[in-house]
file final_23.cif (mmCIF, C-alpha atoms)
data_protein
#
loop_
_atom_site.label_atom_id
_atom_site.label_comp_id
_atom_site.auth_asym_id
_atom_site.auth_seq_id
_atom_site.Cartn_x
_atom_site.Cartn_y
_atom_site.Cartn_z
CA PHE A 379 -41.82 1.26 16.52
CA PHE A 380 -45.48 0.28 16.41
CA THR A 381 -46.90 -2.02 13.73
CA ILE A 382 -50.70 -1.72 13.82
CA ASP A 383 -53.15 -4.00 12.00
CA THR A 384 -55.96 -1.98 10.37
CA SER A 385 -57.23 -4.77 8.11
CA GLU A 386 -60.72 -6.27 7.94
CA THR A 387 -59.61 -9.01 10.34
CA ILE A 388 -59.34 -6.42 13.11
CA ALA A 389 -61.74 -3.74 11.98
CA LEU A 390 -64.77 -5.98 11.49
CA GLN A 391 -64.61 -7.72 14.88
CA GLU A 392 -66.75 -5.03 16.54
CA PRO A 393 -69.56 -2.92 15.13
CA PRO A 394 -69.48 -0.42 13.59
CA PRO A 395 -66.69 -1.37 11.17
CA GLY A 396 -63.49 0.41 12.11
CA SER A 397 -64.38 1.05 15.75
CA LEU A 398 -61.76 -1.41 16.98
CA VAL A 399 -59.14 0.53 15.00
CA GLU A 400 -60.13 3.59 17.04
CA SER A 401 -59.74 1.57 20.25
CA ILE A 402 -56.27 0.40 19.17
CA LYS A 403 -55.30 4.00 18.40
CA GLU A 404 -56.47 5.10 21.86
CA PHE A 405 -54.58 2.24 23.57
CA THR A 406 -51.41 3.12 21.62
CA LYS A 407 -51.77 6.80 22.55
CA ILE A 408 -52.09 5.98 26.26
CA PHE A 409 -49.15 3.56 26.07
CA VAL A 410 -46.92 6.16 24.40
CA GLN A 411 -47.90 8.82 26.94
CA LYS A 412 -46.62 6.52 29.70
CA LEU A 413 -43.15 6.13 28.16
CA ALA A 414 -41.03 8.17 30.55
CA GLU A 415 -37.62 9.57 29.83
CA GLU A 416 -35.46 8.91 32.85
CA GLU A 417 -32.05 8.08 34.17
CA TYR A 418 -31.46 4.59 35.51
CA ARG A 419 -29.03 4.21 38.42
CA SER A 420 -27.25 7.41 37.39
CA GLN A 421 -25.66 5.47 34.52
CA ILE A 422 -28.12 4.97 31.70
CA ARG A 423 -30.29 7.68 30.15
CA ILE A 424 -33.54 6.30 28.72
CA THR A 425 -35.07 8.38 25.93
CA TRP A 426 -37.73 7.50 23.37
CA SER A 427 -38.09 8.10 19.65
CA ILE A 428 -41.33 6.64 18.41
CA GLY A 429 -42.52 5.66 14.95
CA GLY A 430 -45.07 3.37 13.38
CA LEU A 431 -46.83 1.87 10.42
CA HIS A 432 -50.27 0.40 9.93
CA PHE A 433 -51.20 -2.28 7.47
CA SER A 434 -53.63 -4.52 5.67
CA GLN A 435 -52.70 -5.52 2.10
CA THR A 436 -50.55 -2.40 2.00
CA GLN A 437 -48.30 -0.86 4.61
CA VAL A 438 -48.44 2.84 5.44
CA VAL A 439 -45.74 4.45 7.57
CA PHE A 440 -47.83 6.94 9.52
CA SER A 441 -44.92 8.24 11.58
CA GLN A 442 -41.17 8.17 11.09
CA PHE A 443 -39.21 8.20 14.35
CA THR A 444 -40.19 11.38 16.13
CA THR A 445 -41.19 12.89 19.46
CA ARG A 446 -44.08 11.60 21.53
CA GLU A 447 -46.22 14.62 20.61
CA ASN A 448 -45.65 14.27 16.87
CA PHE A 449 -46.23 10.52 17.01
CA ILE A 450 -49.58 11.00 18.78
CA ARG A 451 -50.63 13.60 16.21
CA ASN A 452 -49.67 11.24 13.37
CA LEU A 453 -51.38 8.31 15.10
CA GLY A 454 -54.66 10.24 14.98
CA ARG A 455 -54.50 10.25 11.18
CA ILE A 456 -54.65 6.46 10.87
CA THR A 457 -57.74 5.24 9.04
CA TYR A 458 -59.20 1.79 8.60
CA LEU A 459 -57.60 0.25 5.50
CA GLY A 460 -59.72 -2.89 5.25
CA LYS A 461 -58.96 -5.84 2.98
CA GLY A 462 -56.55 -8.68 3.76
CA THR A 463 -54.07 -9.08 6.59
CA TYR A 464 -50.51 -9.26 5.27
CA THR A 465 -48.62 -9.45 8.57
CA ASP A 466 -45.48 -10.88 6.95
CA CYS A 467 -45.24 -7.93 4.56
CA ALA A 468 -45.81 -5.46 7.40
CA LEU A 469 -43.02 -6.99 9.49
CA LYS A 470 -40.73 -7.06 6.47
CA ASN A 471 -41.40 -3.33 5.96
CA MET A 472 -41.06 -2.55 9.68
CA THR A 473 -37.57 -4.04 10.05
CA PRO A 474 -35.73 -1.54 7.81
CA GLN A 475 -37.79 1.29 9.29
CA ILE A 476 -36.41 0.65 12.76
CA THR A 477 -32.84 -0.13 11.72
CA ARG A 478 -32.32 2.54 9.05
CA ASN A 479 -31.45 5.43 11.36
CA TYR A 480 -29.73 3.44 14.07
CA ALA A 481 -27.25 1.20 12.24
CA GLY A 482 -23.99 1.03 14.15
CA SER A 483 -25.36 2.81 17.22
CA LYS A 484 -25.65 1.45 20.73
CA ASP A 485 -29.36 2.27 20.85
CA VAL A 486 -31.70 -0.55 21.82
CA LEU A 487 -34.58 -0.91 19.36
CA PHE A 488 -38.06 -2.20 20.21
CA SER A 489 -41.05 -3.00 18.06
#

call {"tool": "encode", "arguments": {"input": "final_23.cif", "output": "structure tokens"}}
result
Amino acid sequence: FFTIDTSETIALQEPPPGSLVESIKEFTKIFVQKLAEEEYRSQIRITWSIGGLHFSQTQVVFSQFTTRENFIRNLGRITYLGKGTYTDCALKNMTPQITRNYAGSKDVLFS
């Protein structure tokens, strides 16, 4: 689950405003494309469900857990939010997002 800062703190570091948000989106897209589904030592099957939110003063879930293709499509819709950086609120929102669908499962969750 990705938690992406799209506040003024990030977006105004490089001109024009918001261009760094585009760079972060591109990095995230490339990262997600490299997540390979595979079998490890013929014992463990590694699969990926990917989701994310972006934040400033507000948090916007841009993608519930989904496939790589849907996540990348949803990632493209992120826009620069501006305003303050409320990282604590974003992390507080992120936690139930990643645990909601996987409570009681043996899945390993990453954010």

call {"tool": "atom_distance", "arguments": {"input": "final_23.cif", "atom1": "atom CA of A:Ile388", "atom2": "atom CA of A:Gln435"}}
result
12.9 Å

call {"tool": "closest_residue", "arguments": {"input": "final_23.cif", "among": "A:Thr425, A:Thr457, A:Ser420, A:Ser434", "to": "A:Glu386", "atoms": "all atoms listed in the file"}}
result
A:Ser434

call {"tool": "closest_residue", "arguments": {"input": "final_23.cif", "among": "A:Met472, A:Leu398, A:Ala414, A:Ile424", "to": "A:Gln437", "atoms": "all atoms listed in the file"}}
result
A:Met472

call {"tool": "closest_residue", "arguments": {"input": "final_23.cif", "among": "A:Thr406, A:Thr465, A:Ser427, A:Ser385", "to": "A:Asn448", "atoms": "only C-alpha atoms"}}
result
A:Ser427

call {"tool": "residues_near_point", "arguments": {"input": "final_23.cif", "point": "(-46.1, 0.6, 12.9)", "cutoff": "12 Å", "atoms": "all atoms listed in the file", "output": "number ranges by chain"}}
result
A: 379-384, 402-403, 406, 428-434, 437-443, 449, 452-453, 456, 465, 467-476, 488-489

call {"tool": "atom_distance", "arguments": {"input": "final_23.cif", "atom1": "atom CA of A:Arg446", "atom2": "atom CA of A:Ile422"}}
result
20.1 Å

call {"tool": "atom_distance", "arguments": {"input": "final_23.cif", "atom1": "atom CA of A:Glu415", "atom2": "atom CA of A:Arg455"}}
result
25.2 Å

call {"tool": "closest_residue", "arguments": {"input": "final_23.cif", "among": "A:Asp466, A:Glu392, A:Glu404, A:Glu447", "to": "A:Trp426", "atoms": "all atoms listed in the file"}}
result
A:Glu447
